[in-house]
Each structure stands twice: as C-alpha cells, then as structure tokens.
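Peer 1: Dropping the structure in here first, questions after.
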Amino acid sequence: MGSQKSEIVILGIETSCDETSAAVLVNGTDLRSHIISSQIVTHQRYGGVVPEIASREHSLHIQPVVQEALDSAKVSFSDLSAIAVTYGPGLVGSLLVGVSGAKAMAYAAGIPLIGINHLEGHIYANFLHNPDLEFPFLALLVSGGHTHLIFFEAHGQYQVLGHTRDDAAGEALDKVARTLGLGYPGGPQIQKVALDGDAQAFKFPRAMLEKDSLDFSFSGMKSAVLNTLNSARMRGETLNVPDLAASFQQAVVDVLVWKALRAIDQTGAKTLVLAGGVAANSLLRETLNKELSERSVRFVYPPPLFCTDNGAMIAITGYYHYLAGDFSPWTLNAVPGLGLV
Ligand code: KG4
Ligand code: ZN
C-alpha cells in the first residue's frame, strides 16, 4: 500500500502514436513515476510511423509499461483513484490498445475511467511544472498533427482562434527533413543540423494569410524547399543542407511567433502557454521568450520530455477531470479524428 486514501492517485496512459507511456500522479503535483517506451527506432527505417506496426508494439508494451509505472510509484491498482487514457486524436489501432487496456484495468479495479483528448493533454502538460498557471491564457499547440491557437477561459472551457489550413508545423518539419535525408522524427534533426547553417541563406515564403486571420498555412513553405532542391538537382548543383534546414526552421518559427503575437494583441492575453512536440524547439522557445518578455506577457512551456507524447500529460488532465467528476462510460471508444470544440 503506497498511498493514503485521501490522496487522488491517477494513472495516465498514452498510446495515440508511437510512444507507449504511463505515469502515476498524486494530487495533481507529485509525479511519482513516468515511463515512456518509444518506438522511434522501430519506425526510423521506414522514414515515419507505420500504423500497423505501432499498434502491435503498443500491444506488446502496454502491460509492462503500466506495471513499471505502478512499481516505480510504489502503488498497486487498489491505490488508484482513476485511470485516464487518451481516446483521440491519433492512429485508430494505437488508440484502441490504450482505450481497451485502460477499460479492462479500471473495470477490474472498480475505479472510474477518464477518456482524455490528446490535444488538451499537451496543453495541460504545462500544469505539471506550473500548478499556479492562471486562467485566462492563450495556448499555442504545435505538434506533428496539429497547429492551433486556443484561448482558455477555465478548465475545459476554450475557444479555438486559429488552426492550420493544410500541414501542421511538425508535419512540415518532418516532410522537409525526410527530403533532406535527415531521418525521422524530422523536427529534432532539423534543429540539430540548423546549428551549423545560415538562417538567412534561403528566403522561403511566410504565409501570413488575410489580415487578422489566426490560421496557419505551411504547405507553400514546404513546397518552396522541395522546389528549391529539385531545381538545384536539375542544374546539377548540390545545396548546403544546414543552410536549408536553418532557413526553413527560421521560416516556420517566424510564422508561429508572428501569429502568436497577433493573437495576444487581439485577445489581450497576459500569458502564453506553448505545447506539443514542436514546443521542444529551442529557436521557437528563445524567440517567444524574447518577444514576450518585451511585452510583459508570461511565457509558460513544459520541459522537452513533456512536450512530446507522454503519459504524465494524460494523468494531469485526468486529475482535473476527476476533480470535476467528469468520468467516461464503459462504452468509451477510440476517436481518431477527435478535435477541440
Ligand atoms: O506532440 P508530438 O510528440 O506528437 C503529436 O501529437 O503529433 O509531436 C511530434 C512532432 C514531430 O513532428 C516532431 O518532428 C516534432 O514534434 N518535434 C520537434 C522537436 N521535437 C519534436 N520539432 C522541432 N524541434 C524539436 N526539437
Ligand atoms: Zn502529441
């Protein structure tokens, strides 16, 4: 027995893409354990996540990962208050492994099941290290599948102000990295290679869209890199990869920062919360840090490990749902296209 009955002990499970992760969180602040089993090496040879392989890997790892999370936290199922699990968006086969596993465990333990929206999870990761985070705040969510600007008024109450009309920022980084032969996942590779490059070497377009629009578009920028590469190849020229990576990273960051500042001007928000895998990018963090401190806007972002997919962000979101008595029925299903409403 590792916990007092007065404590709220949440097991969070994440399996929406290529990480099998579980975490035990006590009273919303005490992260007792956090286990991440990454499939990156398995998918690397294919240049991206292969859905069929991802679900098979989750099936293999979910039970040992959960057991390790419980053991490291020194708790057993009987100590848990609830089990929170990602039910969307994501790859359907991957989500189903987590949802079915969580359902079976919660039912057997006689405790509530809490289905979590993965996108909310990314944003709520910020409460792990900043429990004093106050509403309202503006969130910039930049992941492999999503690019959103969201205004949060209270727990579970928010309004989407803008989103990408085509590729997500992470998706564009991954595609350009693949074309440059930098491997998967592309964002961290671009960041690494860009350190040796000149961000001004290539002028890629920055799609700012209509005046006042908070929507994003990254596909034109991505195509510009691919066209630049193809034209050079046809001329028999070789381009400098670090310069290309640095110039593309700069263009992506410029658009993200510019739109975030536009949203701050429009809403008067006093806090910006950064979330999602691309939030781990140091150029994005540094640029926002500089711009926001000049405007006296508080800037909150998670440590890199908590930017990419992880079970702790699902546990903390589950904690707030638990406090609100917001539980899921046993009919909870995977919803691959789940959005933010
Ligand atoms: O949030 P996440 O782990 O998964 C989704 O929910 O999509 O985000 C993954 C994305 C990938 O596109 C990856 O290339 C990008 O986050 N990423 C980064 C960095 N680390 C991960 N992009 C830029 N710089 C990074 N350091
Ligand atoms: Zn994610």
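Letters A, B, ... mark the chains of the structure tokens in the order given; residue numbers begin at 1 per chain; ligand numbers begin at 1, in order shown.
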Around ligand 2, which protein and nucleic acid residues have at least one atom no more than 6 Å from it, if we count only C-alpha atoms and all ligand atoms? List them as a list in words.

Peer 2: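 Every residue with an atom at most 6 Å from ligand 2 is listed here: Ser143, Gly276, Thr308 and Asp309 of chain A.
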
Peer 1: Can I get the residues close to ligand 1 as a PDB file with N, CA and C atoms, in the first residue's frame, where close means within 9 Å and we count only C-alpha atoms and all ligand atoms?

Peer 2:
ATOM      1  N   SER A  16      -1.362   7.123 -28.383  1.00  0.00           N
ATOM      2  CA  SER A  16      -2.026   7.591 -29.614  1.00  0.00           C
ATOM      3  C   SER A  16      -1.172   7.483 -30.869  1.00  0.00           C
ATOM      4  N   CYS A  17       0.162   7.449 -30.718  1.00  0.00           N
ATOM      5  CA  CYS A  17       1.013   7.403 -31.904  1.00  0.00           C
ATOM      6  C   CYS A  17       2.124   6.372 -31.725  1.00  0.00           C
ATOM      7  N   ASP A  18       3.348   6.807 -31.463  1.00  0.00           N
ATOM      8  CA  ASP A  18       4.450   5.836 -31.405  1.00  0.00           C
ATOM      9  C   ASP A  18       5.166   5.799 -30.056  1.00  0.00           C
ATOM     10  N   GLU A  19       4.504   6.296 -29.000  1.00  0.00           N
ATOM     11  CA  GLU A  19       5.059   6.130 -27.646  1.00  0.00           C
ATOM     12  C   GLU A  19       4.026   5.402 -26.800  1.00  0.00           C
ATOM     13  N   PRO A  89      -7.150  12.641 -30.566  1.00  0.00           N
ATOM     14  CA  PRO A  89      -6.992  12.066 -31.891  1.00  0.00           C
ATOM     15  C   PRO A  89      -5.716  11.226 -31.963  1.00  0.00           C
ATOM     16  N   GLY A  90      -5.577  10.451 -33.024  1.00  0.00           N
ATOM     17  CA  GLY A  90      -4.382   9.635 -33.188  1.00  0.00           C
ATOM     18  C   GLY A  90      -4.657   8.495 -34.157  1.00  0.00           C
ATOM     19  N   HIS A 118      -6.164  14.036 -26.492  1.00  0.00           N
ATOM     20  CA  HIS A 118      -4.704  14.168 -26.558  1.00  0.00           C
ATOM     21  C   HIS A 118      -4.252  15.642 -26.686  1.00  0.00           C
ATOM     22  N   LEU A 119      -5.025  16.443 -27.414  1.00  0.00           N
ATOM     23  CA  LEU A 119      -4.644  17.844 -27.639  1.00  0.00           C
ATOM     24  C   LEU A 119      -4.746  18.636 -26.336  1.00  0.00           C
ATOM     25  N   HIS A 122      -1.711  17.762 -24.214  1.00  0.00           N
ATOM     26  CA  HIS A 122      -0.487  18.523 -24.497  1.00  0.00           C
ATOM     27  C   HIS A 122      -0.498  19.864 -23.757  1.00  0.00           C
ATOM     28  N   LEU A 141      -0.528  25.441 -29.638  1.00  0.00           N
ATOM     29  CA  LEU A 141      -0.298  23.997 -29.677  1.00  0.00           C
ATOM     30  C   LEU A 141       0.320  23.629 -31.025  1.00  0.00           C
ATOM     31  N   VAL A 142       1.562  23.155 -30.990  1.00  0.00           N
ATOM     32  CA  VAL A 142       2.272  22.822 -32.234  1.00  0.00           C
ATOM     33  C   VAL A 142       2.816  21.400 -32.140  1.00  0.00           C
ATOM     34  N   SER A 143       2.131  20.488 -32.847  1.00  0.00           N
ATOM     35  CA  SER A 143       2.565  19.092 -32.771  1.00  0.00           C
ATOM     36  C   SER A 143       2.741  18.537 -34.179  1.00  0.00           C
ATOM     37  N   GLY A 144       2.886  17.206 -34.267  1.00  0.00           N
ATOM     38  CA  GLY A 144       3.054  16.587 -35.574  1.00  0.00           C
ATOM     39  C   GLY A 144       1.775  16.633 -36.396  1.00  0.00           C
ATOM     40  N   GLY A 145       0.638  16.651 -35.731  1.00  0.00           N
ATOM     41  CA  GLY A 145      -0.637  16.613 -36.450  1.00  0.00           C
ATOM     42  C   GLY A 145      -1.461  17.877 -36.332  1.00  0.00           C
ATOM     43  N   HIS A 146      -1.074  18.806 -35.433  1.00  0.00           N
ATOM     44  CA  HIS A 146      -1.926  19.966 -35.166  1.00  0.00           C
ATOM     45  C   HIS A 146      -1.144  21.258 -34.975  1.00  0.00           C
ATOM     46  N   ALA A 168       0.410  20.571 -40.584  1.00  0.00           N
ATOM     47  CA  ALA A 168       0.781  21.040 -39.244  1.00  0.00           C
ATOM     48  C   ALA A 168       2.269  21.407 -39.281  1.00  0.00           C
ATOM     49  N   ALA A 169       2.701  22.249 -38.329  1.00  0.00           N
ATOM     50  CA  ALA A 169       4.104  22.685 -38.311  1.00  0.00           C
ATOM     51  C   ALA A 169       5.051  21.482 -38.216  1.00  0.00           C
ATOM     52  N   GLY A 170       4.740  20.537 -37.308  1.00  0.00           N
ATOM     53  CA  GLY A 170       5.611  19.365 -37.134  1.00  0.00           C
ATOM     54  C   GLY A 170       5.637  18.479 -38.367  1.00  0.00           C
ATOM     55  N   GLU A 171       4.470  18.367 -39.001  1.00  0.00           N
ATOM     56  CA  GLU A 171       4.357  17.563 -40.224  1.00  0.00           C
ATOM     57  C   GLU A 171       5.248  18.159 -41.320  1.00  0.00           C
ATOM     58  N   ALA A 172       5.230  19.489 -41.462  1.00  0.00           N
ATOM     59  CA  ALA A 172       6.058  20.166 -42.472  1.00  0.00           C
ATOM     60  C   ALA A 172       7.541  19.954 -42.152  1.00  0.00           C
ATOM     61  N   LEU A 173       7.901  20.071 -40.882  1.00  0.00           N
ATOM     62  CA  LEU A 173       9.307  19.842 -40.482  1.00  0.00           C
ATOM     63  C   LEU A 173       9.713  18.402 -40.802  1.00  0.00           C
ATOM     64  N   ASP A 174       8.813  17.446 -40.509  1.00  0.00           N
ATOM     65  CA  ASP A 174       9.116  16.029 -40.758  1.00  0.00           C
ATOM     66  C   ASP A 174       9.292  15.761 -42.256  1.00  0.00           C
ATOM     67  N   LYS A 175       8.406  16.367 -43.085  1.00  0.00           N
ATOM     68  CA  LYS A 175       8.483  16.119 -44.535  1.00  0.00           C
ATOM     69  C   LYS A 175       9.742  16.726 -45.134  1.00  0.00           C
ATOM     70  N   ALA A 177      12.525  17.371 -43.548  1.00  0.00           N
ATOM     71  CA  ALA A 177      13.677  16.608 -43.036  1.00  0.00           C
ATOM     72  C   ALA A 177      13.864  15.328 -43.837  1.00  0.00           C
ATOM     73  N   TYR A 184      13.845  10.474 -39.321  1.00  0.00           N
ATOM     74  CA  TYR A 184      12.611  10.674 -38.557  1.00  0.00           C
ATOM     75  C   TYR A 184      12.904  10.544 -37.056  1.00  0.00           C
ATOM     76  N   PRO A 185      12.268  11.314 -36.175  1.00  0.00           N
ATOM     77  CA  PRO A 185      11.394  12.449 -36.470  1.00  0.00           C
ATOM     78  C   PRO A 185      12.190  13.668 -36.920  1.00  0.00           C
ATOM     79  N   GLY A 186      11.613  14.431 -37.825  1.00  0.00           N
ATOM     80  CA  GLY A 186      12.362  15.476 -38.518  1.00  0.00           C
ATOM     81  C   GLY A 186      12.667  16.722 -37.704  1.00  0.00           C
ATOM     82  N   GLY A 187      11.728  17.111 -36.824  1.00  0.00           N
ATOM     83  CA  GLY A 187      11.909  18.370 -36.079  1.00  0.00           C
ATOM     84  C   GLY A 187      13.236  18.424 -35.324  1.00  0.00           C
ATOM     85  N   PRO A 188      13.521  17.410 -34.475  1.00  0.00           N
ATOM     86  CA  PRO A 188      14.790  17.447 -33.734  1.00  0.00           C
ATOM     87  C   PRO A 188      16.008  17.412 -34.665  1.00  0.00           C
ATOM     88  N   GLN A 189      15.898  16.698 -35.798  1.00  0.00           N
ATOM     89  CA  GLN A 189      17.028  16.621 -36.746  1.00  0.00           C
ATOM     90  C   GLN A 189      17.276  17.980 -37.392  1.00  0.00           C
ATOM     91  N   ILE A 190      16.188  18.651 -37.792  1.00  0.00           N
ATOM     92  CA  ILE A 190      16.320  19.981 -38.412  1.00  0.00           C
ATOM     93  C   ILE A 190      16.974  20.932 -37.405  1.00  0.00           C
ATOM     94  N   GLN A 191      16.508  20.858 -36.151  1.00  0.00           N
ATOM     95  CA  GLN A 191      17.069  21.742 -35.121  1.00  0.00           C
ATOM     96  C   GLN A 191      18.575  21.516 -34.977  1.00  0.00           C
ATOM     97  N   LYS A 192      18.979  20.239 -34.979  1.00  0.00           N
ATOM     98  CA  LYS A 192      20.386  19.894 -34.794  1.00  0.00           C
ATOM     99  C   LYS A 192      21.252  20.372 -35.972  1.00  0.00           C
ATOM    100  N   GLN A 249      13.642  26.217 -40.767  1.00  0.00           N
ATOM    101  CA  GLN A 249      13.277  26.312 -39.346  1.00  0.00           C
ATOM    102  C   GLN A 249      12.927  27.758 -38.998  1.00  0.00           C
ATOM    103  N   ALA A 275       2.765  24.359 -26.276  1.00  0.00           N
ATOM    104  CA  ALA A 275       2.572  22.915 -26.071  1.00  0.00           C
ATOM    105  C   ALA A 275       2.747  22.132 -27.357  1.00  0.00           C
ATOM    106  N   GLY A 276       2.963  20.805 -27.220  1.00  0.00           N
ATOM    107  CA  GLY A 276       3.110  19.913 -28.380  1.00  0.00           C
ATOM    108  C   GLY A 276       4.570  19.670 -28.696  1.00  0.00           C
ATOM    109  N   GLY A 277       4.833  18.648 -29.524  1.00  0.00           N
ATOM    110  CA  GLY A 277       6.208  18.239 -29.820  1.00  0.00           C
ATOM    111  C   GLY A 277       7.106  19.370 -30.308  1.00  0.00           C
ATOM    112  N   VAL A 278       6.584  20.248 -31.166  1.00  0.00           N
ATOM    113  CA  VAL A 278       7.407  21.328 -31.723  1.00  0.00           C
ATOM    114  C   VAL A 278       7.755  22.369 -30.641  1.00  0.00           C
ATOM    115  N   ALA A 279       7.022  22.346 -29.528  1.00  0.00           N
ATOM    116  CA  ALA A 279       7.330  23.248 -28.413  1.00  0.00           C
ATOM    117  C   ALA A 279       8.708  22.942 -27.821  1.00  0.00           C
ATOM    118  N   ALA A 280       9.263  21.772 -28.160  1.00  0.00           N
ATOM    119  CA  ALA A 280      10.615  21.431 -27.686  1.00  0.00           C
ATOM    120  C   ALA A 280      11.679  22.197 -28.472  1.00  0.00           C
ATOM    121  N   ASN A 281      11.290  22.854 -29.556  1.00  0.00           N
ATOM    122  CA  ASN A 281      12.270  23.526 -30.419  1.00  0.00           C
ATOM    123  C   ASN A 281      12.892  24.738 -29.723  1.00  0.00           C
ATOM    124  N   SER A 282      14.219  24.759 -29.661  1.00  0.00           N
ATOM    125  CA  SER A 282      14.858  25.842 -28.890  1.00  0.00           C
ATOM    126  C   SER A 282      14.759  27.200 -29.572  1.00  0.00           C
ATOM    127  N   LEU A 283      14.791  27.242 -30.909  1.00  0.00           N
ATOM    128  CA  LEU A 283      14.654  28.549 -31.573  1.00  0.00           C
ATOM    129  C   LEU A 283      13.270  29.144 -31.295  1.00  0.00           C
ATOM    130  N   LEU A 284      12.244  28.295 -31.330  1.00  0.00           N
ATOM    131  CA  LEU A 284      10.879  28.762 -31.051  1.00  0.00           C
ATOM    132  C   LEU A 284      10.779  29.284 -29.618  1.00  0.00           C
ATOM    133  N   PRO A 304      11.372  19.694 -22.339  1.00  0.00           N
ATOM    134  CA  PRO A 304      11.251  18.972 -23.608  1.00  0.00           C
ATOM    135  C   PRO A 304      10.578  17.599 -23.515  1.00  0.00           C
ATOM    136  N   PHE A 306       8.256  16.631 -21.741  1.00  0.00           N
ATOM    137  CA  PHE A 306       6.817  16.761 -21.547  1.00  0.00           C
ATOM    138  C   PHE A 306       6.139  17.496 -22.706  1.00  0.00           C
ATOM    139  N   CYS A 307       6.946  17.856 -23.740  1.00  0.00           N
ATOM    140  CA  CYS A 307       6.378  18.471 -24.949  1.00  0.00           C
ATOM    141  C   CYS A 307       5.906  17.380 -25.891  1.00  0.00           C
ATOM    142  N   THR A 308       6.743  16.364 -26.099  1.00  0.00           N
ATOM    143  CA  THR A 308       6.361  15.248 -26.976  1.00  0.00           C
ATOM    144  C   THR A 308       5.426  14.309 -26.184  1.00  0.00           C
ATOM    145  N   ASP A 309       4.874  13.316 -26.874  1.00  0.00           N
ATOM    146  CA  ASP A 309       3.821  12.490 -26.263  1.00  0.00           C
ATOM    147  C   ASP A 309       4.290  11.785 -24.988  1.00  0.00           C
ATOM    148  N   ASN A 310       3.469  11.854 -23.947  1.00  0.00           N
ATOM    149  CA  ASN A 310       3.849  11.259 -22.662  1.00  0.00           C
ATOM    150  C   ASN A 310       2.610  10.985 -21.811  1.00  0.00           C
TER     151      ASN A 310
END

Peer 1: Return the single residue from A:Val65, A:Gly47, A:Val41, A:Asp198 that is closest to Gly181 of chain A, with distances computed using only C-alpha atoms.

Peer 2: A:Gly47

Peer 1: Name the residues of segment 24-108 of chain A that fall into strand (DSSP E) according to DSSP on the backbone, using the chain letters and numbers of this document, as an MDAnalysis selection string.

Peer 2: chainID A and resid 24:26 30:38 82:88

Peer 1: What does the file look like for those residues with N, CA and C atoms, as an mmCIF file, in the first residue's frame?

Peer 2:
data_model
loop_
_atom_site.group_PDB
_atom_site.id
_atom_site.type_symbol
_atom_site.label_atom_id
_atom_site.label_comp_id
_atom_site.auth_asym_id
_atom_site.auth_seq_id
_atom_site.Cartn_x
_atom_site.Cartn_y
_atom_site.Cartn_z
ATOM 1 N N VAL A 24 2.145 7.819 -12.959
ATOM 2 C CA VAL A 24 1.309 7.888 -11.758
ATOM 3 C C VAL A 24 1.502 9.271 -11.149
ATOM 4 N N LEU A 25 0.380 9.981 -10.988
ATOM 5 C CA LEU A 25 0.406 11.357 -10.475
ATOM 6 C C LEU A 25 -0.463 11.434 -9.227
ATOM 7 N N VAL A 26 0.102 11.997 -8.154
ATOM 8 C CA VAL A 26 -0.628 12.082 -6.891
ATOM 9 C C VAL A 26 -0.985 13.544 -6.610
ATOM 10 N N ASP A 30 2.419 15.707 -7.678
ATOM 11 C CA ASP A 30 3.510 14.791 -7.339
ATOM 12 C C ASP A 30 3.582 13.663 -8.381
ATOM 13 N N LEU A 31 4.508 13.817 -9.329
ATOM 14 C CA LEU A 31 4.649 12.809 -10.388
ATOM 15 C C LEU A 31 5.517 11.677 -9.831
ATOM 16 N N ARG A 32 4.851 10.590 -9.399
ATOM 17 C CA ARG A 32 5.569 9.505 -8.716
ATOM 18 C C ARG A 32 6.329 8.612 -9.683
ATOM 19 N N SER A 33 5.819 8.504 -10.918
ATOM 20 C CA SER A 33 6.540 7.699 -11.909
ATOM 21 C C SER A 33 6.128 8.155 -13.295
ATOM 22 N N HIS A 34 7.021 7.904 -14.251
ATOM 23 C CA HIS A 34 6.737 8.324 -15.626
ATOM 24 C C HIS A 34 7.568 7.436 -16.557
ATOM 25 N N ILE A 35 6.911 6.513 -17.238
ATOM 26 C CA ILE A 35 7.617 5.556 -18.098
ATOM 27 C C ILE A 35 7.224 5.820 -19.562
ATOM 28 N N ILE A 36 8.225 5.937 -20.423
ATOM 29 C CA ILE A 36 7.946 6.119 -21.856
ATOM 30 C C ILE A 36 8.714 5.051 -22.634
ATOM 31 N N SER A 37 7.967 4.227 -23.385
ATOM 32 C CA SER A 37 8.627 3.262 -24.263
ATOM 33 C C SER A 37 8.431 3.770 -25.689
ATOM 34 N N SER A 38 9.529 4.260 -26.280
ATOM 35 C CA SER A 38 9.435 4.887 -27.599
ATOM 36 C C SER A 38 9.674 3.872 -28.706
ATOM 37 N N ALA A 82 -8.401 6.663 -10.223
ATOM 38 C CA ALA A 82 -8.994 6.574 -11.570
ATOM 39 C C ALA A 82 -7.891 6.281 -12.574
ATOM 40 N N ILE A 83 -8.306 5.836 -13.769
ATOM 41 C CA ILE A 83 -7.356 5.645 -14.869
ATOM 42 C C ILE A 83 -7.766 6.573 -16.011
ATOM 43 N N ALA A 84 -6.817 7.408 -16.437
ATOM 44 C CA ALA A 84 -7.059 8.335 -17.546
ATOM 45 C C ALA A 84 -6.329 7.814 -18.772
ATOM 46 N N VAL A 85 -6.985 7.889 -19.918
ATOM 47 C CA VAL A 85 -6.380 7.349 -21.142
ATOM 48 C C VAL A 85 -6.729 8.236 -22.335
ATOM 49 N N THR A 86 -5.767 8.394 -23.255
ATOM 50 C CA THR A 86 -6.025 9.129 -24.499
ATOM 51 C C THR A 86 -7.000 8.335 -25.360
ATOM 52 N N TYR A 87 -8.103 8.988 -25.807
ATOM 53 C CA TYR A 87 -9.029 8.277 -26.715
ATOM 54 C C TYR A 87 -9.074 8.920 -28.101
ATOM 55 N N GLY A 88 -8.293 9.988 -28.330
ATOM 56 C CA GLY A 88 -8.200 10.604 -29.652
ATOM 57 C C GLY A 88 -7.611 11.995 -29.513
#

Peer 1: Would you work out the distance separating atom CA of Ala251 of chain A from atom CA of Leu182 of chain A, expressed in Å to one decimal?

Peer 2: 18.2 Å

Peer 1: Find the residues near Ser223 of chain A: any atom within 10 Å, counting only C-alpha atoms, skip ones fewer than 3 places away on the same chain, and give them as a PyMOL selection string.

Peer 2: chain A and resi 172+175-176+204-205+218-220+226-229
